[in-house]
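Comments concern the structure below.
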Amino acid sequence: MDNFTLDFTSSLILESFAIPQDRVYPAFIFGMLSYCIILFCNLAILLTVALEKRFHEPMYLLLINLPINDLIGATAFLPQLMKEILIDSRSISYPACVTQAFFIHIYAGGSALILTAMAYDRYVAICCPLRYNAIMTNAYIMKIIIMVWVTDLIMMIVLFSLLLRLPRCQSMISGTYCDNPSLLRLVCSDTTINNIYGLFITVLMQVVSVGMITFTYLQILLTCLKSKHSDAKSKAIQTCATHLVVFLILEITGLFTILSYRFERASPFLRRMFGASTLIFPPIMNPVIYGLKTKEIRSKIVSFFRQKVLPL
C-alpha cells in the first residue's frame, strides 16, 4: 500500500501539445484570441438577453443557458492551457485537475441537454405554432432549465464521488486537460463501478439527446415540406441545418474523445486535437449561430455599440 495515495496536495503532469520554442508565442496568442472571442460573443448574448426585458421569453430563456455553459467549458480549459504554453509547465495540482475535469464534464453534459431542450422548443414553435404560447410558458421553461442543470450536476457529482474514493499510484495525465477517463488511468484499484457508471451516463445522454434531436428535427423537416409558405419553409430548413451542423460537430468530436480512451491504439495526438476542438470551436460557433444570427439579438447588440461604444 506504500505506493497508493489519496494525497490531494500532490501534482500531476499533463501530456500537452509538444510546441516548438519558436511557436510558443503564436500558440499563446491563438489561445488568447480564441478565449477573448469566446468571452466577448457569449457575454454579449448573455447580457443582451438578461438586461433586455423583451427577450424574457421562452426561446431566449433557453438560449441564455448556452453561453453560460460555453463560458464554463472554455474557462475550465483555455486559461490552464495558455499557462502551460507560456511558462512551459505541464504540472497541475490534483485538486485543480479534479476541478477542471468536473467543470469540463458539466460543460459536456450541459451542451447535450441544453441543445436537446432548445430542439424541443423549436419543435413546438414550428410544428404546433398555435399552441406554443400555451405550452411553452415561462414557468414551464424554468422547470426545463432547472431539470437540465440539476440532472447535469447530479450525474457529475456521482461520477466524481466514485472517482475520489479511489487511491492513485500514477501522476501522468494522458491529455491536454483533466477529465474522468484520464484520472481513472491514475488509479491502482478496481474501477469496474466507475466504468459501468461512466458508460451508463454516456449511453443515457446519447440516447436522450440524439434521439430527441433526431425526432424533433425530422418532425420539423416534415412540417416544413408540407408548408405552402416557401419563405417560412426555407428559413426553418436553413435554421435547422445550421443547428444540426453544430450538434454534429459537438457529437463527433466528443464521441471520438470518449471512445479514444477505450482503444489503446487510438492516436494520442488526435485525441488531444479532438478534445481541444470540443472545448474551443462550439463555444465560438454557438453564440454566432444561435445568437448573433437571431435578428432581434443582433440588432440590439449593434444598437448598443453604436450608442455606447462608437461615440467614445
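In the C-alpha cells, chains take letters A, B, ... by order of appearance, with residues numbered from 1 within each chain and ligands from 1 in the order shown.
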
Quick one: contact table of range 166-250 of chain A to range 278-295 of chain A, 8 Å max, nearest atom pair and distance in Å to one decimal per residue, counting only C-alpha atoms, chain and number order, as a Markdown table?
| residue | atom | partner | partner_atom | distance |
| --- | --- | --- | --- | --- |
| A:Thr242 | CA | A:Ile289 | CA | 7.0 |
| A:His243 | CA | A:Ile289 | CA | 7.3 |
| A:Val246 | CA | A:Pro282 | CA | 6.9 |
| A:Ile249 | CA | A:Pro282 | CA | 7.8 |
| A:Leu250 | CA | A:Thr278 | CA | 6.2 |

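Going from CA of Cys169 in chain A over to CA of Ile13 in chain A, you cover 13.1 Å.
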
Using only C-alpha atoms, what table do you get, as a Markdown table, when you list each residue of range 156-190 of chain A with an atom no more than 10 Å from range 16-28 of chain A, its nearest pair of atoms, and their distance in Å rounded to one decimal, rows by chain then rising number?
| residue | atom | partner | partner_atom | distance |
| --- | --- | --- | --- | --- |
| A:Ile173 | CA | A:Ser16 | CA | 9.0 |
| A:Ser174 | CA | A:Ser16 | CA | 8.2 |
| A:Gly175 | CA | A:Ser16 | CA | 6.0 |
| A:Thr176 | CA | A:Ser16 | CA | 4.4 |
| A:Tyr177 | CA | A:Ser16 | CA | 7.7 |

Seminar exercise, completed: CA of Arg271 in chain A to CA of Ala101 in chain A measures 15.8 Å

Problem set entry | Every residue of range 120-302 of chain A that DSSP places in helix (DSSP H, G or I), as a PyMOL selection string | chain A and resi 120-127+129-135+138-164+180-184+192-226+230-260+268-292+295-302

Which residues of range 91-198 of chain A come within 10 Å of range 80-86 of chain A, and what is each one's closest atom pair and distance in Å (one decimal), counting only C-alpha atoms, sorted by chain and residue number, as a tab-separated table?
residue	atom	partner	partner_atom	distance
A:Ser91	CA	A:Glu84	CA	8.1
A:Ile92	CA	A:Gln80	CA	8.8
A:Ala96	CA	A:Gln80	CA	9.7
A:Cys97	CA	A:Gln80	CA	9.9
A:Gln100	CA	A:Gln80	CA	8.9
A:Thr176	CA	A:Leu81	CA	7.4
A:Tyr177	CA	A:Leu81	CA	7.8

Can you build me a table of range 205-304 of chain A residues sitting at most 12 Å from range 114-133 of chain A, with the closest atom pair per residue and its distance in Å to one decimal, using only C-alpha atoms, sorted by chain and residue number, as a tab-separated table?
residue	atom	partner	partner_atom	distance
A:Met205	CA	A:Thr116	CA	10.1
A:Gln206	CA	A:Thr116	CA	10.5
A:Val207	CA	A:Thr116	CA	11.0
A:Val208	CA	A:Thr116	CA	8.1
A:Ser209	CA	A:Thr116	CA	5.4
A:Val210	CA	A:Thr116	CA	8.0
A:Gly211	CA	A:Thr116	CA	9.2
A:Met212	CA	A:Thr116	CA	6.5
A:Ile213	CA	A:Thr116	CA	5.8
A:Thr214	CA	A:Ala119	CA	9.1
A:Phe215	CA	A:Tyr123	CA	9.2
A:Thr216	CA	A:Tyr123	CA	5.5
A:Tyr217	CA	A:Tyr123	CA	7.1
A:Leu218	CA	A:Tyr123	CA	9.4
A:Gln219	CA	A:Tyr123	CA	7.3
A:Ile220	CA	A:Tyr123	CA	6.0
A:Leu221	CA	A:Cys127	CA	9.5
A:Leu222	CA	A:Cys127	CA	9.1
A:Thr223	CA	A:Cys127	CA	6.2
A:Cys224	CA	A:Ile126	CA	8.2
A:Leu225	CA	A:Cys127	CA	11.5
A:Lys226	CA	A:Cys127	CA	10.8
A:Ser227	CA	A:Cys127	CA	10.4
A:Ala232	CA	A:Ile126	CA	9.7
A:Lys233	CA	A:Ile126	CA	10.0
A:Lys235	CA	A:Ile126	CA	11.2
A:Ala236	CA	A:Ile126	CA	8.1
A:Ile237	CA	A:Ile126	CA	10.7
A:Thr239	CA	A:Arg122	CA	9.8
A:Cys240	CA	A:Arg122	CA	8.9
A:Ala241	CA	A:Ala119	CA	12.0
A:His243	CA	A:Ala119	CA	8.8
A:Leu244	CA	A:Ala119	CA	9.7
A:Val246	CA	A:Leu115	CA	9.7
A:Phe247	CA	A:Leu115	CA	7.7
A:Leu248	CA	A:Leu115	CA	11.3
A:Leu250	CA	A:Leu115	CA	10.5
A:Glu251	CA	A:Leu115	CA	11.4
A:Pro282	CA	A:Leu115	CA	11.7
A:Asn286	CA	A:Leu115	CA	10.3
A:Tyr290	CA	A:Met118	CA	9.9

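Between Tyr261 in chain A and the candidates A:Arg90, A:Lys228, A:Arg185, A:Lys143, the tightest atom-to-atom separation, counting only C-alpha atoms, involves A:Arg185.
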
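Using only C-alpha atoms, the residues found no farther than 10 Å from Leu186 in chain A, other than those of its own chain fewer than 5 positions away, are A:Leu12, A:Leu166, A:Pro167, A:Arg168, A:Cys169, A:Gln170, A:Ser171, A:Met172, A:Ile173, A:Ser174, A:Pro181.
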
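Residue nearest Ala108 in chain A, chosen from A:Asp179, A:Glu57, A:Asp190, A:Glu52 and counting only C-alpha atoms: A:Asp179.
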
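Among the candidate residues A:Tyr35, A:Phe40, A:Phe30, A:Phe102, the one lying nearest to Ile154 in chain A is A:Phe102, with distances computed using only C-alpha atoms.
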
For this session: Can you check which residues of range 15-237 of chain A DSSP gives as strand (DSSP E) on the backbone and send them as a ChimeraX atom specification?
Result: /A:91-93,172-173

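Here CA of Ala139 in chain A stands at a distance of 18.8 Å from CA of Leu66 in chain A.
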